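Data block for final15.txt (compact mmCIF, C-alpha atoms and all ligand atoms):
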```txt
# COMPACT_ATOMS: atom_id res chain seq x y z
CA MET F 1 22.56 27.83 -24.25
CA ASN F 2 21.08 27.14 -20.82
CA ASN F 3 18.96 30.22 -20.91
CA PRO F 4 15.32 29.00 -20.85
CA ASP F 5 14.47 31.94 -23.07
CA THR F 6 16.25 30.26 -25.96
CA GLN F 7 14.30 26.98 -25.82
CA THR F 8 11.17 28.02 -27.71
CA PRO F 9 11.60 31.66 -28.54
CA GLU F 10 8.99 33.75 -30.32
CA LEU F 11 11.48 34.76 -32.98
CA SER F 12 14.34 33.11 -34.80
CA ILE F 13 16.54 35.58 -36.64
CA VAL F 14 18.24 33.63 -39.44
CA ILE F 15 21.34 35.17 -41.02
CA PRO F 16 23.55 33.62 -43.72
CA VAL F 17 27.17 34.74 -43.42
CA TYR F 18 29.84 34.46 -46.06
CA ASN F 19 32.98 36.48 -45.29
CA GLU F 20 31.28 39.22 -43.27
CA ARG F 21 33.64 39.42 -40.28
CA ASN F 22 33.72 43.21 -40.01
CA ASN F 23 29.93 43.46 -40.11
CA LEU F 24 29.16 40.98 -37.36
CA ILE F 25 29.74 42.99 -34.17
CA PRO F 26 27.86 46.09 -35.38
CA LEU F 27 25.08 43.78 -36.62
CA GLU F 28 24.80 42.07 -33.24
CA ASP F 29 24.69 45.47 -31.49
CA LYS F 30 21.97 46.76 -33.78
CA LEU F 31 19.92 43.57 -33.52
CA GLU F 32 20.17 43.50 -29.74
CA THR F 33 19.11 47.15 -29.49
CA GLU F 34 16.11 46.72 -31.77
CA LEU F 35 14.98 43.32 -30.50
CA ALA F 36 15.17 44.42 -26.86
CA LYS F 37 12.47 46.98 -27.63
CA LEU F 38 10.06 44.26 -28.75
CA ASN F 39 9.84 42.45 -25.47
CA LEU F 40 9.81 39.08 -27.24
CA SER F 41 12.05 36.08 -26.71
CA TYR F 42 14.42 35.44 -29.61
CA GLU F 43 17.45 33.59 -30.89
CA ILE F 44 19.93 34.77 -33.51
CA ILE F 45 21.18 31.99 -35.78
CA PHE F 46 24.25 32.77 -37.87
CA ILE F 47 24.94 30.24 -40.61
CA ASP F 48 28.55 30.54 -41.63
CA ASP F 49 28.59 29.48 -45.27
CA GLY F 50 32.25 28.44 -45.49
CA SER F 51 33.80 31.85 -44.74
CA SER F 52 37.57 32.12 -45.03
CA ASP F 53 37.91 35.45 -43.19
CA GLY F 54 37.40 34.18 -39.64
CA SER F 55 33.66 35.01 -39.47
CA ALA F 56 32.84 31.65 -37.85
CA HIS F 57 35.53 32.10 -35.22
CA LEU F 58 34.14 35.52 -34.35
CA ILE F 59 30.56 34.20 -34.12
CA ALA F 60 31.80 31.43 -31.80
CA GLU F 61 33.29 34.17 -29.59
CA MET F 62 30.05 36.17 -29.70
CA GLU F 63 28.15 33.01 -28.76
CA LYS F 64 30.18 32.74 -25.55
CA HIS F 65 28.97 36.13 -24.36
CA ASN F 66 25.46 36.08 -25.77
CA PRO F 67 23.34 32.99 -25.04
CA ARG F 68 20.84 34.00 -27.72
CA ILE F 69 23.41 33.55 -30.47
CA ARG F 70 23.77 30.19 -32.23
CA LEU F 71 26.35 29.26 -34.84
CA ILE F 72 25.90 26.76 -37.64
CA GLN F 73 29.15 26.40 -39.55
CA PHE F 74 29.42 24.83 -42.99
CA GLY F 75 32.69 23.16 -44.04
CA HIS F 76 32.47 24.78 -47.47
CA ASN F 77 30.56 27.47 -49.28
CA HIS F 78 27.17 25.96 -50.20
CA GLY F 79 25.24 29.09 -51.13
CA GLN F 80 22.60 31.27 -49.56
CA SER F 81 19.68 28.86 -50.07
CA ALA F 82 21.59 26.08 -48.29
CA ALA F 83 22.40 28.47 -45.45
CA PHE F 84 18.73 29.41 -45.09
CA ALA F 85 17.70 25.73 -45.23
CA ALA F 86 20.11 24.82 -42.42
CA GLY F 87 19.02 27.85 -40.40
CA PHE F 88 15.32 27.04 -40.75
CA LYS F 89 15.93 23.43 -39.79
CA ALA F 90 17.67 24.49 -36.58
CA ALA F 91 15.35 27.40 -35.78
CA ARG F 92 13.05 27.00 -32.78
CA GLY F 93 11.03 30.18 -33.05
CA LYS F 94 7.40 30.61 -34.08
CA ILE F 95 8.34 33.28 -36.58
CA PHE F 96 11.51 33.29 -38.67
CA VAL F 97 13.00 36.63 -39.66
CA THR F 98 15.72 36.51 -42.31
CA LEU F 99 18.22 39.22 -43.12
CA ASP F 100 21.65 39.76 -44.64
CA ALA F 101 24.73 39.88 -42.44
CA ASP F 102 26.14 42.97 -44.14
CA LEU F 103 23.93 45.59 -42.43
CA GLN F 104 22.38 46.58 -45.76
CA ASN F 105 19.08 45.53 -44.15
CA ASN F 106 18.17 47.50 -41.05
CA PRO F 107 17.13 45.55 -37.93
CA ALA F 108 15.02 48.60 -37.02
CA ASP F 109 12.57 47.46 -39.75
CA ILE F 110 11.86 44.14 -38.02
CA PRO F 111 8.96 45.55 -35.91
CA LEU F 112 7.27 46.70 -39.11
CA LEU F 113 7.41 43.20 -40.56
CA LEU F 114 6.13 41.68 -37.33
CA GLU F 115 3.26 44.13 -37.23
CA MET F 116 2.18 42.91 -40.67
CA MET F 117 2.53 39.28 -39.61
CA ARG F 118 -0.70 39.75 -37.67
CA ASP F 119 -2.56 39.46 -40.99
CA TYR F 120 -0.10 37.52 -43.16
CA ASP F 121 2.05 34.39 -43.09
CA VAL F 122 4.94 35.90 -45.05
CA VAL F 123 6.05 39.53 -45.18
CA CYS F 124 8.70 40.46 -47.76
CA GLY F 125 10.85 43.56 -47.51
CA TRP F 126 11.02 45.79 -50.57
CA ARG F 127 14.17 47.95 -50.89
CA HIS F 128 12.35 50.80 -52.66
CA LYS F 129 15.38 53.11 -52.31
CA ARG F 130 18.19 50.71 -52.90
CA ASN F 131 21.72 51.72 -51.92
CA ASP F 132 23.76 49.64 -54.33
CA PRO F 133 25.90 50.39 -57.41
CA TRP F 134 23.72 51.44 -60.38
CA ILE F 135 24.58 48.32 -62.38
CA LYS F 136 23.18 46.17 -59.60
CA LYS F 137 20.04 48.28 -59.32
CA VAL F 138 19.38 48.18 -63.06
CA SER F 139 20.07 44.45 -63.41
CA SER F 140 17.90 43.69 -60.42
CA ARG F 141 15.07 45.83 -61.77
CA ILE F 142 15.18 43.97 -65.09
CA GLY F 143 15.52 40.65 -63.25
CA ASN F 144 12.47 41.37 -61.10
CA ALA F 145 10.41 42.40 -64.15
CA VAL F 146 11.33 39.24 -66.09
CA ARG F 147 10.71 37.07 -63.04
CA ASN F 148 7.33 38.63 -62.36
CA LYS F 149 6.29 38.28 -65.99
CA LEU F 150 7.36 34.66 -66.44
CA SER F 151 6.18 33.46 -63.06
CA GLU F 152 2.97 35.57 -63.12
CA GLU F 153 4.03 37.13 -59.88
CA GLU F 154 3.94 40.65 -58.45
CA ILE F 155 6.73 40.83 -55.91
CA ALA F 156 8.73 44.04 -56.41
CA ASP F 157 11.99 42.92 -54.83
CA THR F 158 12.49 39.24 -54.29
CA GLY F 159 16.23 39.70 -53.62
CA CYS F 160 15.62 41.53 -50.36
CA SER F 161 16.58 39.11 -47.60
CA LEU F 162 14.64 40.97 -44.95
CA LYS F 163 11.54 38.81 -44.69
CA ALA F 164 9.38 37.25 -42.00
CA PHE F 165 7.79 33.79 -42.22
CA ARG F 166 5.57 31.74 -39.99
CA ARG F 167 7.55 28.58 -39.19
CA GLU F 168 4.81 26.41 -40.79
CA CYS F 169 5.76 27.92 -44.16
CA PHE F 170 8.81 25.69 -44.39
CA GLU F 171 7.27 22.51 -43.04
CA ASN F 172 6.29 21.07 -46.42
CA VAL F 173 8.54 22.73 -48.96
CA LYS F 174 11.68 21.15 -50.29
CA LEU F 175 14.34 23.77 -50.89
CA PHE F 176 16.76 23.73 -53.82
CA LYS F 177 19.79 25.86 -54.67
CA GLY F 178 18.81 29.37 -55.72
CA MET F 179 15.28 29.00 -54.32
CA HIS F 180 15.77 31.78 -51.77
CA ARG F 181 14.92 34.20 -54.60
CA PHE F 182 11.53 32.55 -55.00
CA PHE F 183 10.37 32.10 -51.41
CA PRO F 184 7.30 34.35 -51.87
CA THR F 185 6.10 32.36 -54.90
CA LEU F 186 6.76 29.02 -53.19
CA MET F 187 4.80 30.17 -50.16
CA LYS F 188 1.87 31.34 -52.25
CA MET F 189 1.86 27.95 -53.95
CA GLU F 190 1.56 26.40 -50.49
CA GLY F 191 -1.48 28.56 -49.81
CA PHE F 192 0.13 31.06 -47.44
CA ARG F 193 -0.82 34.74 -47.37
CA VAL F 194 2.11 36.78 -48.68
CA THR F 195 2.58 40.54 -48.71
CA GLN F 196 5.37 43.07 -49.14
CA VAL F 197 6.38 46.22 -47.30
CA LYS F 198 8.84 49.02 -48.08
CA VAL F 199 11.99 48.81 -45.96
CA SER F 200 15.15 50.86 -45.75
CA HIS F 201 18.39 49.81 -47.39
CA HIS F 202 21.93 50.90 -46.65
CA PRO F 203 25.22 50.85 -48.53
CA ARG F 204 27.56 48.00 -47.78
CA LEU F 205 30.30 49.41 -45.52
CA HIS F 206 32.51 46.34 -45.06
CA GLY F 207 33.27 43.34 -47.23
CA GLU F 208 32.13 42.69 -50.77
CA SER F 209 28.92 41.67 -52.48
CA LYS F 210 28.94 37.98 -53.35
CA TYR F 211 26.80 38.41 -56.44
CA ASN F 212 27.33 39.98 -59.83
CA ILE F 213 25.56 39.74 -63.16
CA ARG F 214 27.83 36.90 -64.28
CA ASN F 215 27.26 34.59 -61.33
CA ARG F 216 23.56 35.40 -61.03
CA LEU F 217 22.03 35.81 -64.48
CA PHE F 218 22.24 32.33 -65.96
CA SER F 219 21.52 30.32 -62.83
CA SER F 220 18.66 32.52 -61.65
CA PHE F 221 17.07 32.36 -65.10
CA GLN F 222 17.21 28.57 -64.98
CA ASP F 223 15.70 28.67 -61.49
CA LEU F 224 12.95 30.93 -62.80
CA LEU F 225 12.05 28.39 -65.50
CA ALA F 226 11.91 25.68 -62.85
CA ILE F 227 9.57 27.77 -60.70
CA ARG F 228 7.42 28.60 -63.71
CA TRP F 229 7.18 24.89 -64.49
CA MET F 230 6.33 24.02 -60.87
CA LYS F 231 3.64 26.65 -60.80
CA LYS F 232 2.07 25.49 -64.05
CA ARG F 233 2.31 21.80 -63.25
CA ARG F 234 1.19 22.00 -59.67
CA ILE F 235 -1.26 19.26 -58.77
CA ASN F 236 -4.64 20.69 -58.14
CA TYR F 237 -7.93 18.86 -57.71
CA ASP F 238 -11.30 19.21 -56.11
CA ILE F 239 -12.83 16.27 -54.30
CA ILE F 240 -16.62 16.15 -54.36
CA ARG F 241 -16.90 12.80 -52.65
CA GLU F 242 -14.56 10.61 -50.64
CA ASP F 243 -15.91 7.52 -48.84
N1 LIG F 301 25.84 34.80 -48.58
C1 LIG F 301 26.01 33.49 -48.18
N2 LIG F 301 26.50 32.58 -49.06
C2 LIG F 301 26.82 32.91 -50.36
C3 LIG F 301 26.60 34.26 -50.76
C4 LIG F 301 26.11 35.17 -49.85
O1 LIG F 301 25.74 33.14 -47.03
O2 LIG F 301 27.29 32.04 -51.11
C5 LIG F 301 25.32 35.78 -47.61
C6 LIG F 301 26.12 37.06 -47.48
O3 LIG F 301 27.14 36.96 -46.50
C7 LIG F 301 25.04 38.07 -47.08
C8 LIG F 301 23.83 37.58 -47.84
O4 LIG F 301 24.06 36.20 -48.12
O5 LIG F 301 24.77 38.01 -45.70
C9 LIG F 301 23.59 38.34 -49.14
O6 LIG F 301 24.79 38.43 -49.89
P1 LIG F 301 25.33 39.81 -50.48
O7 LIG F 301 25.17 40.89 -49.48
O8 LIG F 301 26.69 39.58 -51.04
O9 LIG F 301 24.29 40.04 -51.68
P2 LIG F 301 23.79 41.44 -52.26
O10 LIG F 301 23.16 42.18 -51.13
O11 LIG F 301 25.00 42.14 -52.77
O12 LIG F 301 22.83 41.05 -53.35
MG MG F 302 24.12 42.73 -49.35
```
Kindly return the structure encoded in the file as structure tokens.
Amino acid sequence: MNNPDTQTPELSIVIPVYNERNNLIPLEDKLETELAKLNLSYEIIFIDDGSSDGSAHLIAEMEKHNPRIRLIQFGHNHGQSAAFAAGFKAARGKIFVTLDADLQNNPADIPLLLEMMRDYDVVCGWRHKRNDPWIKKVSSRIGNAVRNKLSEEEIADTGCSLKAFRRECFENVKLFKGMHRFFPTLMKMEGFRVTQVKVSHHPRLHGESKYNIRNRLFSSFQDLLAIRWMKKRRINYDIIRED
């Protein structure tokens, strides 16, 4: 970590990891190849969310050879929002790019997001051709429709982790469990300019998905009601005089 490049990099790549050991080396290779083309300084923060498959050990090894890699290791599994929160807190970059560790998101799409960051504060990936089992695609389509309706939102694919944020976006928001699905809405509430862009999506080659209808439906519906409430009850006023 003595590389001056890593002190205040342009980009912080923030990646939650929960039992993704077999994806980590190919992910690092792909990230390094794509990021090298950008000619920007960057750090790659892996947040190990209590993996039991040796992911953290492997990241610690990768860190020894690659000064841009940083490991944050949780003692237990705390969930993806907690992993993002810890990653953002540690991140030093001006722009945060988030993605999954499983190579379903393609690091080759990062330049596209950065291009759009010229005009926006948040750019959300949209997996328009999703490579997941049909049950996941259908449930996610219904989930996105319900979420958009109830939260008066128009984000096609909030579950896509591939997103870019200006670091200021997280300066004033308090994160809660499950909130990673609502980052675009939270950011809009904070007054940031949010957009979405179509990105590629690939089948998961190693490891298993951590989410299914059972462990997602009830909790994400509760989270949606909380977001809806926050949006409706947001304090809003106009000052016409202040002495
Ligand atoms: N993940 C995590 N903690 C969890 C669940 C998932 O850090 O409790 C990570 C996981 O390793 C992956 C990303 O979050 O990098 C998204 O999870 P997954 O790919 O299982 O979700 P899916 O793409 O199937 O919706
Ligand atoms: Mg995935």
*asked:* as a list in words, please: every protein or nucleic acid residue near ligand MG 302 (chain F) (cut-off 7 Å, counting all atoms listed in the file).
replied: Asp100, Asp102, Gln104, Arg204 and Ser209 of chain F
*Of the residues F:Lys198, F:Lys188, F:Arg228, F:His78, which is the one nearest to Leu112 (chain F), using only C-alpha atoms?*
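With only C-alpha atoms as the atom set, the closest residue is F:Lys198.
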Could you list, as a compact mmCIF listing (two decimals) with C-alpha atoms, keeping the file's coordinate frame, all residues that come within 8 Å of ligand LIG 301 (chain F)? Count all atoms listed in the file.
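Just written: out.txt:
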```
# COMPACT_ATOMS: atom_id res chain seq x y z
CA ILE F 15 21.34 35.17 -41.02
CA PRO F 16 23.55 33.62 -43.72
CA VAL F 17 27.17 34.74 -43.42
CA TYR F 18 29.84 34.46 -46.06
CA ASN F 19 32.98 36.48 -45.29
CA GLU F 20 31.28 39.22 -43.27
CA ILE F 47 24.94 30.24 -40.61
CA ASP F 48 28.55 30.54 -41.63
CA ASP F 49 28.59 29.48 -45.27
CA GLY F 50 32.25 28.44 -45.49
CA ASN F 77 30.56 27.47 -49.28
CA HIS F 78 27.17 25.96 -50.20
CA GLY F 79 25.24 29.09 -51.13
CA GLN F 80 22.60 31.27 -49.56
CA SER F 81 19.68 28.86 -50.07
CA ALA F 83 22.40 28.47 -45.45
CA LEU F 99 18.22 39.22 -43.12
CA ASP F 100 21.65 39.76 -44.64
CA ALA F 101 24.73 39.88 -42.44
CA ASP F 102 26.14 42.97 -44.14
CA GLN F 104 22.38 46.58 -45.76
CA ASP F 132 23.76 49.64 -54.33
CA GLY F 159 16.23 39.70 -53.62
CA CYS F 160 15.62 41.53 -50.36
CA SER F 161 16.58 39.11 -47.60
CA ARG F 204 27.56 48.00 -47.78
CA GLU F 208 32.13 42.69 -50.77
CA SER F 209 28.92 41.67 -52.48
CA LYS F 210 28.94 37.98 -53.35
CA TYR F 211 26.80 38.41 -56.44
CA ASN F 212 27.33 39.98 -59.83
```
*Work out how far apart CA of Ser139 (chain F) and CA of Thr185 (chain F) are and give it in Å to one decimal.*
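Going from CA of Ser139 (chain F) over to CA of Thr185 (chain F) covers 20.3 Å.
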_Atomic separation - CA of Glu28 (chain F) relative to CA of Trp134 (chain F), Å_ =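 Computing the Euclidean distance for CA of Trp134 (chain F) and CA of Glu28 (chain F) yields 28.7 Å.
Proximity to Lys89 (chain F) was assessed for F:Asn22, F:Thr158, F:Asn172, F:Ser41 counting only C-alpha atoms; the smallest distance is recorded for F:Asn172.
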_Residue nearest Leu205 (chain F) among F:Gly93, F:Gly178, F:Pro26, F:Pro9 (counting all atoms listed in the file)_ = F:Pro26
_Nearest to Ser55 (chain F), chosen from F:Leu175, F:Gly207, F:Ser200, F:Ala108, with all atoms listed in the file counted in the distances_ = F:Gly207
*Quick one: residues within 9 Å of (6.7, 43.7, -44.3) (file frame), counting all atoms listed in the file, please, as a list in words.*
Asp109, Ile110, Pro111, Leu112, Leu113, Leu114, Glu115, Met116, Met117, Val122, Val123, Cys124, Gly125, Trp126, Leu162, Lys163, Ala164, Thr195, Gln196, Val197, Lys198 and Val199 of chain F
Using all atoms listed in the file, what does the table of region 125-157 of chain F residues within 12 Å of region 231-240 of chain F look like, with each row giving the shortest atom pair and its distance in Å to one decimal, sorted by chain and ascending number, as JSON lines?
```
{"residue": "F:Leu150", "atom": "CA", "partner": "F:Lys231", "partner_atom": "CA", "distance": 10.5}
{"residue": "F:Ser151", "atom": "CA", "partner": "F:Lys231", "partner_atom": "CA", "distance": 7.6}
{"residue": "F:Glu152", "atom": "CA", "partner": "F:Lys231", "partner_atom": "CA", "distance": 9.2}
{"residue": "F:Glu153", "atom": "CA", "partner": "F:Lys231", "partner_atom": "CA", "distance": 10.5}
```
*Would you list the residues near (19.3, 31.3, -37.4) (no more than 9 Å away, in the coordinates of the file, using only C-alpha atoms) as a VMD selection string?*
chain F and resid 12 to 16 43 to 47 69 to 72 84 86 to 92 96 to 98
*In Å, rounded to a single decimal, give me how far CA of Gln222 (chain F) is from CA of Ile142 (chain F).*
15.5 Å
*Considering all atoms listed in the file, state which residue in the set F:Ile135, F:Leu224, F:Ala56, F:Val173 is at the smallest distance from Gly191 (chain F).*
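Once distances to Gly191 (chain F) are computed over all atoms listed in the file, the minimum belongs to F:Val173.
Nearest to Pro133 (chain F) of all the residues F:Arg241, F:Asp119, F:Pro203, F:Ala60 is F:Pro203, counting only C-alpha atoms.
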*Can you tell me, as a count of residues only, what residues are no more than 7 Å from Asn131 (chain F) when counting only C-alpha atoms, ignoring any on the same chain fewer than 2 positions away?*
4
With 6 Å added on each side, what axis-aligned box encloses every listed atom of region 33-46 of chain F? Give the centre and edge lengths in Å to one decimal, as AutoDock Vina command-line options.
```
--center_x 17.0 --center_y 39.6 --center_z -31.7 --size_x 26.4 --size_y 27.2 --size_z 24.4
```
